[in-house]
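A.B. asks: Contents of protein_39.pdb (PDB, C-alpha atoms):
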ATOM      1  CA  MET Z 285      77.052 138.838 106.083
ATOM      2  CA  CYS Z 286      76.055 141.024 109.022
ATOM      3  CA  ASN Z 287      77.750 138.734 111.563
ATOM      4  CA  PHE Z 288      81.029 139.252 109.706
ATOM      5  CA  THR Z 289      80.631 143.024 109.561
ATOM      6  CA  ILE Z 290      79.924 143.221 113.295
ATOM      7  CA  SER Z 291      83.083 141.180 113.926
ATOM      8  CA  ILE Z 292      85.084 143.710 111.897
ATOM      9  CA  LEU Z 293      83.405 146.518 113.819
ATOM     10  CA  ILE Z 294      84.337 145.138 117.236
ATOM     11  CA  PHE Z 295      87.922 144.640 116.030
ATOM     12  CA  CYS Z 296      88.211 148.235 114.761
ATOM     13  CA  LEU Z 297      86.520 150.103 117.597
ATOM     14  CA  PRO Z 298      89.498 150.271 119.992
ATOM     15  CA  ILE Z 299      91.339 152.319 117.326
ATOM     16  CA  LEU Z 300      88.960 155.176 118.097
ATOM     17  CA  SER Z 301      90.409 155.519 121.562
ATOM     18  CA  PHE Z 302      93.893 156.431 120.337
ATOM     19  CA  ALA Z 303      93.201 159.989 119.227
ATOM     20  CA  GLU Z 304      95.193 163.039 120.159
ATOM     21  CA  ASP Z 305      93.133 165.660 122.034
ATOM     22  CA  LYS Z 306      90.023 163.524 121.755
ATOM     23  CA  ASP Z 307      86.646 165.116 121.090
ATOM     24  CA  THR Z 308      83.239 163.444 121.161
ATOM     25  CA  LEU Z 309      83.283 159.895 119.786
ATOM     26  CA  SER Z 310      87.066 160.129 120.218
ATOM     27  CA  LEU Z 311      87.415 161.820 116.836
ATOM     28  CA  GLY Z 312      90.731 163.598 116.959
ATOM     29  CA  ILE Z 313      91.158 167.339 116.550
ATOM     30  CA  PRO Z 314      93.004 167.809 113.210
ATOM     31  CA  ASN Z 315      96.703 168.554 113.407
ATOM     32  CA  GLU Z 316      97.542 172.042 112.176
ATOM     33  CA  ILE Z 317     100.414 170.846 109.990
ATOM     34  CA  PHE Z 318      99.970 168.323 107.196
ATOM     35  CA  ASN Z 319     102.226 165.312 107.761
ATOM     36  CA  PRO Z 320     103.040 163.466 104.493
ATOM     37  CA  LYS Z 321     104.658 160.504 106.290
ATOM     38  CA  ARG Z 322     101.616 159.953 108.462
ATOM     39  CA  THR Z 323      99.315 160.331 105.468
ATOM     40  CA  PHE Z 324     101.325 157.753 103.534
ATOM     41  CA  SER Z 325     101.171 155.420 106.543
ATOM     42  CA  VAL Z 326      97.399 155.827 106.853
ATOM     43  CA  VAL Z 327      96.692 155.290 103.166
ATOM     44  CA  GLY Z 328      99.130 152.383 102.942
ATOM     45  CA  THR Z 329      97.690 150.703 106.028
ATOM     46  CA  GLU Z 330      94.146 151.069 104.698
ATOM     47  CA  ILE Z 331      95.082 149.617 101.296
ATOM     48  CA  ILE Z 332      96.920 146.678 102.840
ATOM     49  CA  GLY Z 333      94.179 146.114 105.415
ATOM     50  CA  TYR Z 334      91.431 146.313 102.794
ATOM     51  CA  THR Z 335      93.217 143.968 100.387
ATOM     52  CA  GLY Z 336      94.063 141.481 103.124
ATOM     53  CA  THR Z 337      90.526 141.487 104.482
ATOM     54  CA  MET Z 338      89.038 140.893 101.036
ATOM     55  CA  VAL Z 339      91.433 137.986 100.399
ATOM     56  CA  VAL Z 340      90.672 136.394 103.766
ATOM     57  CA  LEU Z 341      86.941 136.953 103.309
ATOM     58  CA  ASN Z 342      87.029 135.352  99.862
ATOM     59  CA  ASN Z 343      88.997 132.322 101.075
ATOM     60  CA  LEU Z 344      87.023 131.730 104.262
ATOM     61  CA  TRP Z 345      83.517 132.577 103.095
ATOM     62  CA  TYR Z 346      83.023 132.561  99.317
ATOM     63  CA  LYS Z 347      85.622 130.229  97.805
ATOM     64  CA  ASP Z 348      83.686 127.008  98.428
ATOM     65  CA  TYR Z 349      80.444 128.316  96.917
ATOM     66  CA  PRO Z 350      79.647 128.547  93.186
ATOM     67  CA  ARG Z 351      80.047 131.932  91.508
ATOM     68  CA  SER Z 352      77.468 133.680  89.377
ATOM     69  CA  SER Z 353      76.914 136.869  87.437
ATOM     70  CA  PHE Z 354      76.165 139.872  89.627
ATOM     71  CA  HIS Z 355      72.605 139.758  90.947
ATOM     72  CA  TRP Z 356      70.432 141.170  93.718
ATOM     73  CA  PHE Z 357      68.668 139.251  96.470
ATOM     74  CA  ASN Z 358      65.787 140.660  98.505
ATOM     75  CA  ASP Z 359      66.479 139.841 102.160
ATOM     76  CA  ASN Z 360      64.764 142.940 103.521
ATOM     77  CA  GLN Z 361      62.166 140.956 105.475
ATOM     78  CA  GLN Z 362      64.657 138.690 107.245
ATOM     79  CA  TRP Z 363      65.321 138.955 110.989
ATOM     80  CA  LEU Z 364      62.834 141.855 111.194
ATOM     81  CA  GLN Z 365      65.592 144.100 109.795
ATOM     82  CA  MET Z 366      67.916 143.585 112.755
ATOM     83  CA  ASP Z 367      70.763 142.739 110.371
ATOM     84  CA  LYS Z 368      70.294 146.142 108.709
ATOM     85  CA  MET Z 369      70.874 147.842 112.060
ATOM     86  CA  GLY Z 370      74.225 146.057 112.271
ATOM     87  CA  HIS Z 371      75.191 147.261 108.817
ATOM     88  CA  ALA Z 372      74.400 150.883 109.677
ATOM     89  CA  MET Z 373      76.414 150.757 112.888
ATOM     90  CA  THR Z 374      79.388 149.075 111.223
ATOM     91  CA  SER Z 375      79.481 151.649 108.426
ATOM     92  CA  TYR Z 376      79.227 154.446 110.996
ATOM     93  CA  TYR Z 377      82.139 153.338 113.185
ATOM     94  CA  ILE Z 378      84.533 152.189 110.469
ATOM     95  CA  GLY Z 379      83.999 155.620 108.921
ATOM     96  CA  ALA Z 380      84.836 157.172 112.288
ATOM     97  CA  VAL Z 381      88.121 155.244 112.269
ATOM     98  CA  GLY Z 382      88.828 156.656 108.796
ATOM     99  CA  ILE Z 383      88.172 160.236 109.911
ATOM    100  CA  ASN Z 384      90.310 159.796 112.993
ATOM    101  CA  ALA Z 385      93.224 158.421 110.992
ATOM    102  CA  LEU Z 386      93.279 161.278 108.464
ATOM    103  CA  ARG Z 387      92.987 163.917 111.192
ATOM    104  CA  TRP Z 388      95.945 162.302 112.938
ATOM    105  CA  ALA Z 389      97.863 162.684 109.667
ATOM    106  CA  GLY Z 390      97.109 166.407 109.486
ATOM    107  CA  VAL Z 391      94.736 166.229 106.521
ATOM    108  CA  SER Z 392      92.334 169.186 106.425
ATOM    109  CA  ASP Z 393      89.203 168.680 108.489
ATOM    110  CA  ARG Z 394      86.740 168.694 105.583
ATOM    111  CA  LYS Z 395      88.797 166.230 103.555
ATOM    112  CA  SER Z 396      89.248 164.019 106.628
ATOM    113  CA  VAL Z 397      85.497 163.919 107.154
ATOM    114  CA  ILE Z 398      84.576 163.251 103.529
ATOM    115  CA  TYR Z 399      87.356 160.854 102.503
ATOM    116  CA  GLY Z 400      87.745 159.155 105.860
ATOM    117  CA  GLY Z 401      84.023 158.993 106.547
ATOM    118  CA  ILE Z 402      83.291 156.892 103.460
ATOM    119  CA  LEU Z 403      85.734 154.160 104.551
ATOM    120  CA  GLY Z 404      82.962 152.061 106.079
ATOM    121  CA  LEU Z 405      80.685 152.476 103.075
ATOM    122  CA  SER Z 406      83.513 151.563 100.686
ATOM    123  CA  PHE Z 407      84.386 148.440 102.637
ATOM    124  CA  LEU Z 408      80.799 147.226 103.002
ATOM    125  CA  THR Z 409      80.031 147.948  99.342
ATOM    126  CA  SER Z 410      82.845 145.549  98.432
ATOM    127  CA  VAL Z 411      81.237 142.924 100.643
ATOM    128  CA  GLU Z 412      77.928 143.455  98.809
ATOM    129  CA  VAL Z 413      79.716 142.983  95.475
ATOM    130  CA  PHE Z 414      81.096 139.664  96.750
ATOM    131  CA  ASP Z 415      77.574 138.683  97.804
ATOM    132  CA  GLY Z 416      76.219 139.722  94.402
ATOM    133  CA  LEU Z 417      78.743 137.514  92.599
ATOM    134  CA  SER Z 418      77.963 134.452  94.732
ATOM    135  CA  GLU Z 419      75.231 132.042  93.671
ATOM    136  CA  GLU Z 420      74.534 131.324  97.344
ATOM    137  CA  TRP Z 421      73.619 134.912  98.190
ATOM    138  CA  GLY Z 422      73.105 138.162  96.304
ATOM    139  CA  ALA Z 423      73.646 141.855  96.836
ATOM    140  CA  SER Z 424      71.065 143.407  99.149
ATOM    141  CA  SER Z 425      69.501 146.802  98.492
ATOM    142  CA  GLY Z 426      68.488 146.960 102.158
ATOM    143  CA  ASP Z 427      72.071 146.389 103.262
ATOM    144  CA  MET Z 428      73.275 149.144 100.953
ATOM    145  CA  LEU Z 429      70.681 151.610 102.232
ATOM    146  CA  ALA Z 430      71.699 150.782 105.819
ATOM    147  CA  ASN Z 431      75.364 151.294 104.944
ATOM    148  CA  ILE Z 432      74.566 154.659 103.366
ATOM    149  CA  PHE Z 433      72.525 155.693 106.409
ATOM    150  CA  GLY Z 434      75.372 154.918 108.820
ATOM    151  CA  THR Z 435      77.892 156.827 106.733
ATOM    152  CA  GLY Z 436      75.480 159.729 106.199
ATOM    153  CA  LEU Z 437      74.782 160.043 109.917
ATOM    154  CA  LEU Z 438      78.506 160.210 110.656
ATOM    155  CA  ILE Z 439      79.546 162.627 107.908
ATOM    156  CA  GLY Z 440      76.439 164.801 108.193
ATOM    157  CA  GLN Z 441      76.974 165.520 111.882
ATOM    158  CA  GLU Z 442      80.655 166.306 111.408
ATOM    159  CA  LEU Z 443      79.899 168.761 108.602
ATOM    160  CA  LEU Z 444      76.937 170.327 110.408
ATOM    161  CA  TRP Z 445      78.086 170.441 114.046
ATOM    162  CA  GLN Z 446      81.759 169.336 114.026
ATOM    163  CA  GLU Z 447      80.816 166.721 116.614
ATOM    164  CA  GLN Z 448      78.710 163.584 116.994
ATOM    165  CA  ARG Z 449      75.599 164.625 118.900
ATOM    166  CA  MET Z 450      73.860 161.367 118.005
ATOM    167  CA  LEU Z 451      75.702 158.090 118.446
ATOM    168  CA  LEU Z 452      74.826 154.623 117.239
ATOM    169  CA  LYS Z 453      75.229 152.194 120.121
ATOM    170  CA  PHE Z 454      74.900 148.494 120.843
ATOM    171  CA  SER Z 455      73.839 146.302 123.748
ATOM    172  CA  ALA Z 456      73.235 142.570 124.069
ATOM    173  CA  HIS Z 457      72.013 139.871 126.429
ATOM    174  CA  ASN Z 458      71.429 136.123 126.232
ATOM    175  CA  SER Z 459      68.051 135.091 124.865
ATOM    176  CA  LEU Z 460      66.200 131.819 125.380
ATOM    177  CA  TYR Z 461      65.974 131.128 121.626
ATOM    178  CA  ALA Z 462      69.599 130.265 120.855
ATOM    179  CA  GLN Z 463      69.296 126.913 122.637
ATOM    180  CA  TYR Z 464      66.844 125.704 119.997
ATOM    181  CA  ARG Z 465      69.018 126.550 116.971
ATOM    182  CA  PRO Z 466      72.593 126.949 118.255
ATOM    183  CA  ASN Z 467      74.015 126.306 114.769
ATOM    184  CA  VAL Z 468      72.324 129.524 113.592
ATOM    185  CA  LEU Z 469      72.062 131.636 116.750
ATOM    186  CA  GLY Z 470      75.301 130.557 118.424
ATOM    187  CA  GLU Z 471      76.471 128.033 120.979
ATOM    188  CA  SER Z 472      78.877 129.993 123.197
ATOM    189  CA  TRP Z 473      78.221 133.444 124.640
ATOM    190  CA  HIS Z 474      80.556 135.172 122.191
ATOM    191  CA  GLU Z 475      78.906 133.443 119.217
ATOM    192  CA  ARG Z 476      75.493 134.516 120.484
ATOM    193  CA  LEU Z 477      76.770 138.072 120.865
ATOM    194  CA  LEU Z 478      77.268 138.158 117.090
ATOM    195  CA  LYS Z 479      74.602 135.766 115.818
ATOM    196  CA  ASP Z 480      71.551 135.970 118.078
ATOM    197  CA  TYR Z 481      69.546 138.957 116.900
ATOM    198  CA  ASN Z 482      66.992 138.281 119.638
ATOM    199  CA  GLY Z 483      69.492 139.417 122.244
ATOM    200  CA  GLN Z 484      70.831 142.440 120.372
ATOM    201  CA  THR Z 485      69.567 146.009 120.657
ATOM    202  CA  TYR Z 486      70.694 148.923 118.501
ATOM    203  CA  TRP Z 487      70.387 152.460 119.866
ATOM    204  CA  LEU Z 488      70.345 156.036 118.669
ATOM    205  CA  SER Z 489      71.835 157.839 121.670
ATOM    206  CA  ILE Z 490      71.265 161.618 121.601
ATOM    207  CA  ASN Z 491      73.304 164.019 123.734
ATOM    208  CA  LEU Z 492      70.943 166.314 125.631
ATOM    209  CA  LYS Z 493      73.322 169.147 126.463
ATOM    210  CA  SER Z 494      74.514 169.598 122.891
ATOM    211  CA  PHE Z 495      70.927 170.316 121.816
ATOM    212  CA  GLY Z 496      69.986 172.225 124.972
ATOM    213  CA  GLY Z 497      72.631 174.932 124.702
ATOM    214  CA  LYS Z 498      75.805 175.661 126.635
ATOM    215  CA  GLY Z 499      73.866 177.209 129.500
ATOM    216  CA  SER Z 500      71.970 174.006 130.163
ATOM    217  CA  TYR Z 501      72.406 172.366 133.577
ATOM    218  CA  VAL Z 502      72.156 168.900 132.036
ATOM    219  CA  PRO Z 503      75.437 166.947 132.482
ATOM    220  CA  SER Z 504      77.479 166.903 129.299
ATOM    221  CA  TRP Z 505      77.609 163.084 129.350
ATOM    222  CA  LEU Z 506      73.851 162.435 129.723
ATOM    223  CA  ASN Z 507      72.058 161.070 126.644
ATOM    224  CA  LEU Z 508      68.534 160.066 125.719
ATOM    225  CA  ALA Z 509      68.488 156.765 123.833
ATOM    226  CA  PHE Z 510      65.976 155.199 121.458
ATOM    227  CA  GLY Z 511      66.436 151.484 120.854
ATOM    228  CA  TYR Z 512      65.247 148.861 118.402
ATOM    229  CA  SER Z 513      65.300 145.087 118.721
ATOM    230  CA  ALA Z 514      63.290 142.017 117.762
ATOM    231  CA  ASP Z 515      62.207 138.935 119.664
ATOM    232  CA  GLY Z 516      60.905 135.408 119.144
ATOM    233  CA  MET Z 517      62.990 134.629 116.046
ATOM    234  CA  THR Z 518      64.438 131.169 115.384
ATOM    235  CA  GLY Z 519      64.838 131.782 111.645
ATOM    236  CA  GLY Z 520      65.382 134.637 109.253
ATOM    237  CA  SER Z 521      62.069 134.869 107.415
ATOM    238  CA  GLN Z 522      60.033 132.468 109.525
ATOM    239  CA  ASN Z 523      60.374 130.330 112.629
ATOM    240  CA  TYR Z 524      61.248 126.644 112.453
ATOM    241  CA  ILE Z 525      59.128 123.789 113.840
ATOM    242  CA  TYR Z 526      62.010 121.300 114.211
ATOM    243  CA  ASP Z 527      65.734 121.594 114.861
ATOM    244  CA  ASN Z 528      68.450 119.751 112.913
ATOM    245  CA  ASP Z 529      67.975 116.622 115.029
ATOM    246  CA  GLY Z 530      64.239 116.488 114.453
ATOM    247  CA  ASN Z 531      63.298 117.764 117.903
ATOM    248  CA  SER Z 532      60.285 120.051 118.037
ATOM    249  CA  ILE Z 533      60.835 123.758 118.737
ATOM    250  CA  PRO Z 534      58.230 125.647 120.781
ATOM    251  CA  GLU Z 535      56.095 128.138 118.909
ATOM    252  CA  PHE Z 536      57.212 131.729 119.481
ATOM    253  CA  GLU Z 537      55.627 134.989 118.424
ATOM    254  CA  ARG Z 538      57.928 137.183 116.395
ATOM    255  CA  GLN Z 539      57.731 140.838 117.365
ATOM    256  CA  ARG Z 540      59.489 144.162 117.075
ATOM    257  CA  GLN Z 541      60.599 145.939 120.242
ATOM    258  CA  PHE Z 542      61.106 149.663 120.784
ATOM    259  CA  PHE Z 543      62.937 151.150 123.763
ATOM    260  CA  LEU Z 544      63.292 154.477 125.535
ATOM    261  CA  SER Z 545      66.116 154.896 128.017
ATOM    262  CA  LEU Z 546      68.784 157.181 129.410
ATOM    263  CA  ASP Z 547      72.407 156.622 128.479
ATOM    264  CA  ILE Z 548      75.919 157.805 129.309
ATOM    265  CA  ASP Z 549      78.234 159.086 126.580
ATOM    266  CA  LEU Z 550      81.587 157.835 127.831
ATOM    267  CA  THR Z 551      83.461 159.811 125.171
ATOM    268  CA  ARG Z 552      82.372 163.080 126.838
ATOM    269  CA  ILE Z 553      83.786 162.116 130.240
ATOM    270  CA  LYS Z 554      87.370 163.354 130.564
ATOM    271  CA  THR Z 555      89.596 162.315 133.445
ATOM    272  CA  LYS Z 556      93.221 162.935 134.364
ATOM    273  CA  SER Z 557      94.043 159.308 133.593
ATOM    274  CA  LYS Z 558      95.044 158.550 129.994
ATOM    275  CA  PHE Z 559      94.257 154.883 130.622
ATOM    276  CA  VAL Z 560      90.702 155.640 131.751
ATOM    277  CA  ASN Z 561      90.157 158.029 128.831
ATOM    278  CA  THR Z 562      91.412 155.350 126.448
ATOM    279  CA  LEU Z 563      89.097 152.791 128.053
ATOM    280  CA  PHE Z 564      86.110 155.131 127.748
ATOM    281  CA  GLY Z 565      86.946 155.790 124.103
ATOM    282  CA  ALA Z 566      87.235 152.089 123.301
ATOM    283  CA  PHE Z 567      83.861 151.239 124.860
ATOM    284  CA  GLY Z 568      81.985 154.383 123.866
ATOM    285  CA  PHE Z 569      79.873 152.334 121.427
ATOM    286  CA  VAL Z 570      78.290 150.319 124.267
ATOM    287  CA  LYS Z 571      74.871 151.387 125.566
ATOM    288  CA  ILE Z 572      75.149 151.707 129.340
ATOM    289  CA  PRO Z 573      72.448 149.693 131.200
ATOM    290  CA  MET Z 574      69.854 152.105 132.603
ATOM    291  CA  PRO Z 575      66.142 152.087 133.530
ATOM    292  CA  THR Z 576      64.250 151.461 130.296
ATOM    293  CA  TYR Z 577      60.744 151.426 128.890
ATOM    294  CA  GLU Z 578      60.017 148.718 126.318
ATOM    295  CA  TYR Z 579      57.139 148.477 123.867
ATOM    296  CA  GLY Z 580      56.678 145.166 122.064
ATOM    297  CA  THR Z 581      54.286 144.913 119.135
ATOM    298  CA  LYS Z 582      52.905 141.710 120.694
ATOM    299  CA  SER Z 583      53.765 142.025 124.395
ATOM    300  CA  GLY Z 584      52.855 145.687 124.893
ATOM    301  CA  LEU Z 585      54.459 148.150 127.312
ATOM    302  CA  LYS Z 586      56.701 147.169 130.219
ATOM    303  CA  GLY Z 587      59.591 148.575 132.211
ATOM    304  CA  HIS Z 588      63.070 147.341 133.135
ATOM    305  CA  PHE Z 589      65.022 148.527 136.155
ATOM    306  CA  LEU Z 590      68.174 147.884 134.118
ATOM    307  CA  TYR Z 591      68.158 146.783 130.490
ATOM    308  CA  PHE Z 592      71.144 145.255 128.734
TER     309      PHE Z 592
END
Go ahead and express the file in the form of structure tokens.

C.D. replies:
Amino acid sequence: MCNFTISILIFCLPILSFAEDKDTLSLGIPNEIFNPKRTFSVVGTEIIGYTGTMVVLNNLWYKDYPRSSFHWFNDNQQWLQMDKMGHAMTSYYIGAVGINALRWAGVSDRKSVIYGGILGLSFLTSVEVFDGLSEEWGASSGDMLANIFGTGLLIGQELLWQEQRMLLKFSAHNSLYAQYRPNVLGESWHERLLKDYNGQTYWLSINLKSFGGKGSYVPSWLNLAFGYSADGMTGGSQNYIYDNDGNSIPEFERQRQFFLSLDIDLTRIKTKSKFVNTLFGAFGFVKIPMPTYEYGTKSGLKGHFLYF
């Protein structure tokens, strides 16, 4: 279900850019006066959105598969855990939308962080329940741990520092593997963006100035980023020898990849243009291409002038 959760994430992210007096990650500064009408609008929108999403998800994804009693399924070894990275990031950013919405409504900061921050975890837990009640799948303990990690990273930083010093970010490029199993890894570029784990990289982007002190000469927007990806995968648990038409697929070595790079935190760049600030807020989740070191567990160490 990770492809679905990433789709929801990409749909929700632009909401982060519409905050009043935006701070890091475009999380709004709380209004001083509680606004009941705004609070009602936020809660009502979330209930309607949640209910509608669950209905659509059930009709499009689960309805045609047999139901079962609730059960667990161990998928923790699939895709070298790349799908878990997507769960963590989705939980993180949907929670950020929840915090932003409650702050906009004038809810106290602590309540906004706690109640809004668990929005992503609540949503993804419902998806796991659907999985657990489907004979085709099963609830995943690894998915749940990833969801909890994403929510914990978001809420913990807000409670500790009142800002997001460490961001989860995403980058992607086309890989050569999708051509061999386009039904699984995607046919078009936008399908591959969501389905091809070989081309995805998930980042923990850490702001240097926020840890170096206010007197630091490091630019406020400069981050150090640690990335994780995987390569050589044509299947979840193992690679396939033949495609659906019986054609042979080359043998690829599956490997984990670790990255070290610089990054730019767009949410910390403030301009006089509201349009530009909105644009930066909407795309603040994207890892900016920069010179990067890569270490592959099979391929070893190499460098990239720019890595996407």

A.B. asks: Evaluated on this file, the PyMOL selection byres ((chain Z and resi 504) around 9) picks out some residues - which ones are they, written as a ChimeraX atom specification?

C.D. replies: /Z:491-494,501-503,505-507,549,552-553

A.B. asks: Can you list what the PyMOL selection byres ((chain Z and resi 564) around 9) grabs from this structure, as a PDB file with C-alpha atoms, in the coordinates of the input?

C.D. replies:
ATOM      1  CA  SER Z 301      90.409 155.519 121.562  1.00  0.00           C
ATOM      2  CA  ASP Z 549      78.234 159.086 126.580  1.00  0.00           C
ATOM      3  CA  LEU Z 550      81.587 157.835 127.831  1.00  0.00           C
ATOM      4  CA  THR Z 551      83.461 159.811 125.171  1.00  0.00           C
ATOM      5  CA  ARG Z 552      82.372 163.080 126.838  1.00  0.00           C
ATOM      6  CA  ILE Z 553      83.786 162.116 130.240  1.00  0.00           C
ATOM      7  CA  LYS Z 554      87.370 163.354 130.564  1.00  0.00           C
ATOM      8  CA  PHE Z 559      94.257 154.883 130.622  1.00  0.00           C
ATOM      9  CA  VAL Z 560      90.702 155.640 131.751  1.00  0.00           C
ATOM     10  CA  ASN Z 561      90.157 158.029 128.831  1.00  0.00           C
ATOM     11  CA  THR Z 562      91.412 155.350 126.448  1.00  0.00           C
ATOM     12  CA  LEU Z 563      89.097 152.791 128.053  1.00  0.00           C
ATOM     13  CA  GLY Z 565      86.946 155.790 124.103  1.00  0.00           C
ATOM     14  CA  ALA Z 566      87.235 152.089 123.301  1.00  0.00           C
ATOM     15  CA  PHE Z 567      83.861 151.239 124.860  1.00  0.00           C
ATOM     16  CA  GLY Z 568      81.985 154.383 123.866  1.00  0.00           C
TER      17      GLY Z 568
END

A.B. asks: What's the 6 Å shell around region 366-383 of chain Z, counting all atoms listed in the file, without same-chain residues fewer than 3 positions away, as a list in words?

C.D. replies: Cys286, Leu293, Leu300, Trp363, Leu386, Ser396, Val397, Gly400, Gly401, Ile402, Leu403, Gly404, Leu405, Asp427, Ala430, Asn431, Gly434, Thr435 and Leu438 of chain Z

A.B. asks: Within 10 Å of Asn342 (chain Z), counting all atoms listed in the file, which residues qualify if same-chain residues fewer than 6 places away don't, as a ChimeraX atom specification?

C.D. replies: /Z:336,348,411,414

A.B. asks: CA of Gln522 (chain Z) and CA of Gln463 (chain Z), how far apart in Å?

C.D. replies: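 A separation of 17.0 Å between them.
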
A.B. asks: What is the CA of Ala389 (chain Z)-CA of Ile331 (chain Z) distance in Å, reported with one decimal?

C.D. replies: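 Between CA of Ala389 (chain Z) and CA of Ile331 (chain Z) the gap works out to 15.8 Å.
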
A.B. asks: Using only C-alpha atoms, find the one residue out of Z:Pro466, Z:Pro320, Z:Pro350, Z:Gly440 that sits nearest to Gly416 (chain Z).

C.D. replies: Z:Pro350

A.B. asks: Closest to Lys453 (chain Z) among Z:Val391, Z:Leu344, Z:Ile533, Z:Ile548, using all atoms listed in the file?

C.D. replies: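 The closest residue to Lys453 (chain Z) is Z:Ile548.
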
A.B. asks: Counting all atoms listed in the file, which residues come within 10 Å of (81.2, 166.7, 111.2), with the point read in the file's coordinates, and could you list them as a PyMOL selection string?

C.D. replies: chain Z and resi 311+383+393-394+396-398+401+437-449

A.B. asks: Draw an axis-aligned box over all listed atoms of region 349-356 of chain Z, pad each side with 3 Å, and write its centre and edge lengths in Å, one decimal, as lines of an AutoDock Vina configuration file.

C.D. replies:
center_x = 75.4
center_y = 134.7
center_z = 92.2
size_x = 16.0
size_y = 18.9
size_z = 15.5

A.B. asks: List, as number ranges by chain, every residue that the PyMOL selection byres ((chain Z and resi 581-591) around 10) selects in the file provided.

C.D. replies: Z: 455-457, 485, 514-515, 537-545, 571-580, 592

A.B. asks: Could you write out the selected residues, including C-alpha atoms, as a JSON list (two decimals), in the frame of the given file?

C.D. replies:
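Output saved as out-v9.json:
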[["chain", "number", "residue", "atom", "x", "y", "z"],
["Z", 455, "SER", "CA", 73.84, 146.30, 123.75],
["Z", 456, "ALA", "CA", 73.24, 142.57, 124.07],
["Z", 457, "HIS", "CA", 72.01, 139.87, 126.43],
["Z", 485, "THR", "CA", 69.57, 146.01, 120.66],
["Z", 514, "ALA", "CA", 63.29, 142.02, 117.76],
["Z", 515, "ASP", "CA", 62.21, 138.94, 119.66],
["Z", 537, "GLU", "CA", 55.63, 134.99, 118.42],
["Z", 538, "ARG", "CA", 57.93, 137.18, 116.40],
["Z", 539, "GLN", "CA", 57.73, 140.84, 117.36],
["Z", 540, "ARG", "CA", 59.49, 144.16, 117.08],
["Z", 541, "GLN", "CA", 60.60, 145.94, 120.24],
["Z", 542, "PHE", "CA", 61.11, 149.66, 120.78],
["Z", 543, "PHE", "CA", 62.94, 151.15, 123.76],
["Z", 544, "LEU", "CA", 63.29, 154.48, 125.54],
["Z", 545, "SER", "CA", 66.12, 154.90, 128.02],
["Z", 571, "LYS", "CA", 74.87, 151.39, 125.57],
["Z", 572, "ILE", "CA", 75.15, 151.71, 129.34],
["Z", 573, "PRO", "CA", 72.45, 149.69, 131.20],
["Z", 574, "MET", "CA", 69.85, 152.10, 132.60],
["Z", 575, "PRO", "CA", 66.14, 152.09, 133.53],
["Z", 576, "THR", "CA", 64.25, 151.46, 130.30],
["Z", 577, "TYR", "CA", 60.74, 151.43, 128.89],
["Z", 578, "GLU", "CA", 60.02, 148.72, 126.32],
["Z", 579, "TYR", "CA", 57.14, 148.48, 123.87],
["Z", 580, "GLY", "CA", 56.68, 145.17, 122.06],
["Z", 592, "PHE", "CA", 71.14, 145.26, 128.73]]

A.B. asks: Counting all atoms listed in the file, which of Z:Gly390, Z:Gly483, Z:Tyr334, Z:Trp356 gets nearest to Lys321 (chain Z)?

C.D. replies: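 Nearest candidate to Lys321 (chain Z) out of Z:Gly390, Z:Gly483, Z:Tyr334, Z:Trp356: Z:Gly390.
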
A.B. asks: Show which residues sit within 10 Å of Tyr524 (chain Z), as a PDB file with C-alpha atoms, in the coordinates of the input. Count all atoms listed in the file, and ignore same-chain residues fewer than 2 positions away.

C.D. replies:
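out_4.pdb was written with the following content:
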ATOM      1  CA  TYR Z 464      66.844 125.704 119.997  1.00  0.00           C
ATOM      2  CA  ARG Z 465      69.018 126.550 116.971  1.00  0.00           C
ATOM      3  CA  MET Z 517      62.990 134.629 116.046  1.00  0.00           C
ATOM      4  CA  THR Z 518      64.438 131.169 115.384  1.00  0.00           C
ATOM      5  CA  GLY Z 519      64.838 131.782 111.645  1.00  0.00           C
ATOM      6  CA  GLY Z 520      65.382 134.637 109.253  1.00  0.00           C
ATOM      7  CA  SER Z 521      62.069 134.869 107.415  1.00  0.00           C
ATOM      8  CA  GLN Z 522      60.033 132.468 109.525  1.00  0.00           C
ATOM      9  CA  TYR Z 526      62.010 121.300 114.211  1.00  0.00           C
ATOM     10  CA  ASP Z 527      65.734 121.594 114.861  1.00  0.00           C
ATOM     11  CA  ASN Z 528      68.450 119.751 112.913  1.00  0.00           C
ATOM     12  CA  SER Z 532      60.285 120.051 118.037  1.00  0.00           C
ATOM     13  CA  ILE Z 533      60.835 123.758 118.737  1.00  0.00           C
ATOM     14  CA  PRO Z 534      58.230 125.647 120.781  1.00  0.00           C
ATOM     15  CA  GLU Z 535      56.095 128.138 118.909  1.00  0.00           C
ATOM     16  CA  PHE Z 536      57.212 131.729 119.481  1.00  0.00           C
TER      17      PHE Z 536
END

A.B. asks: Would you pick out the contacts of Asp415 (chain Z) at 12 Å or less, using only C-alpha atoms, so that residues sharing its chain but fewer than 3 positions from it are not included, and give the list as JSON, numbers by chain?

C.D. replies: {"Z": [285, 286, 341, 342, 345, 346, 347, 349, 350, 351, 352, 353, 354, 355, 356, 357, 358, 359, 408, 409, 410, 411, 412, 418, 419, 420, 421, 422, 423, 424, 425, 427, 428]}

A.B. asks: If you measure from CA of Phe569 (chain Z) to CA of Ile490 (chain Z), what distance in Å do you get, rounded to one decimal?

C.D. replies: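 CA of Ile490 (chain Z) lies 12.7 Å from CA of Phe569 (chain Z).
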
A.B. asks: Looking at Z:Thr329, Z:Gln362, Z:Thr555, Z:Gln484, which one is nearest to Ser513 (chain Z), with distances taken over all atoms listed in the file?

C.D. replies: Z:Gln484

A.B. asks: Have a look at Z:Thr323, Z:Gly499, Z:Val413, Z:Asn482 and name the one nearest to Leu469 (chain Z); count all atoms listed in the file.

C.D. replies: Z:Asn482
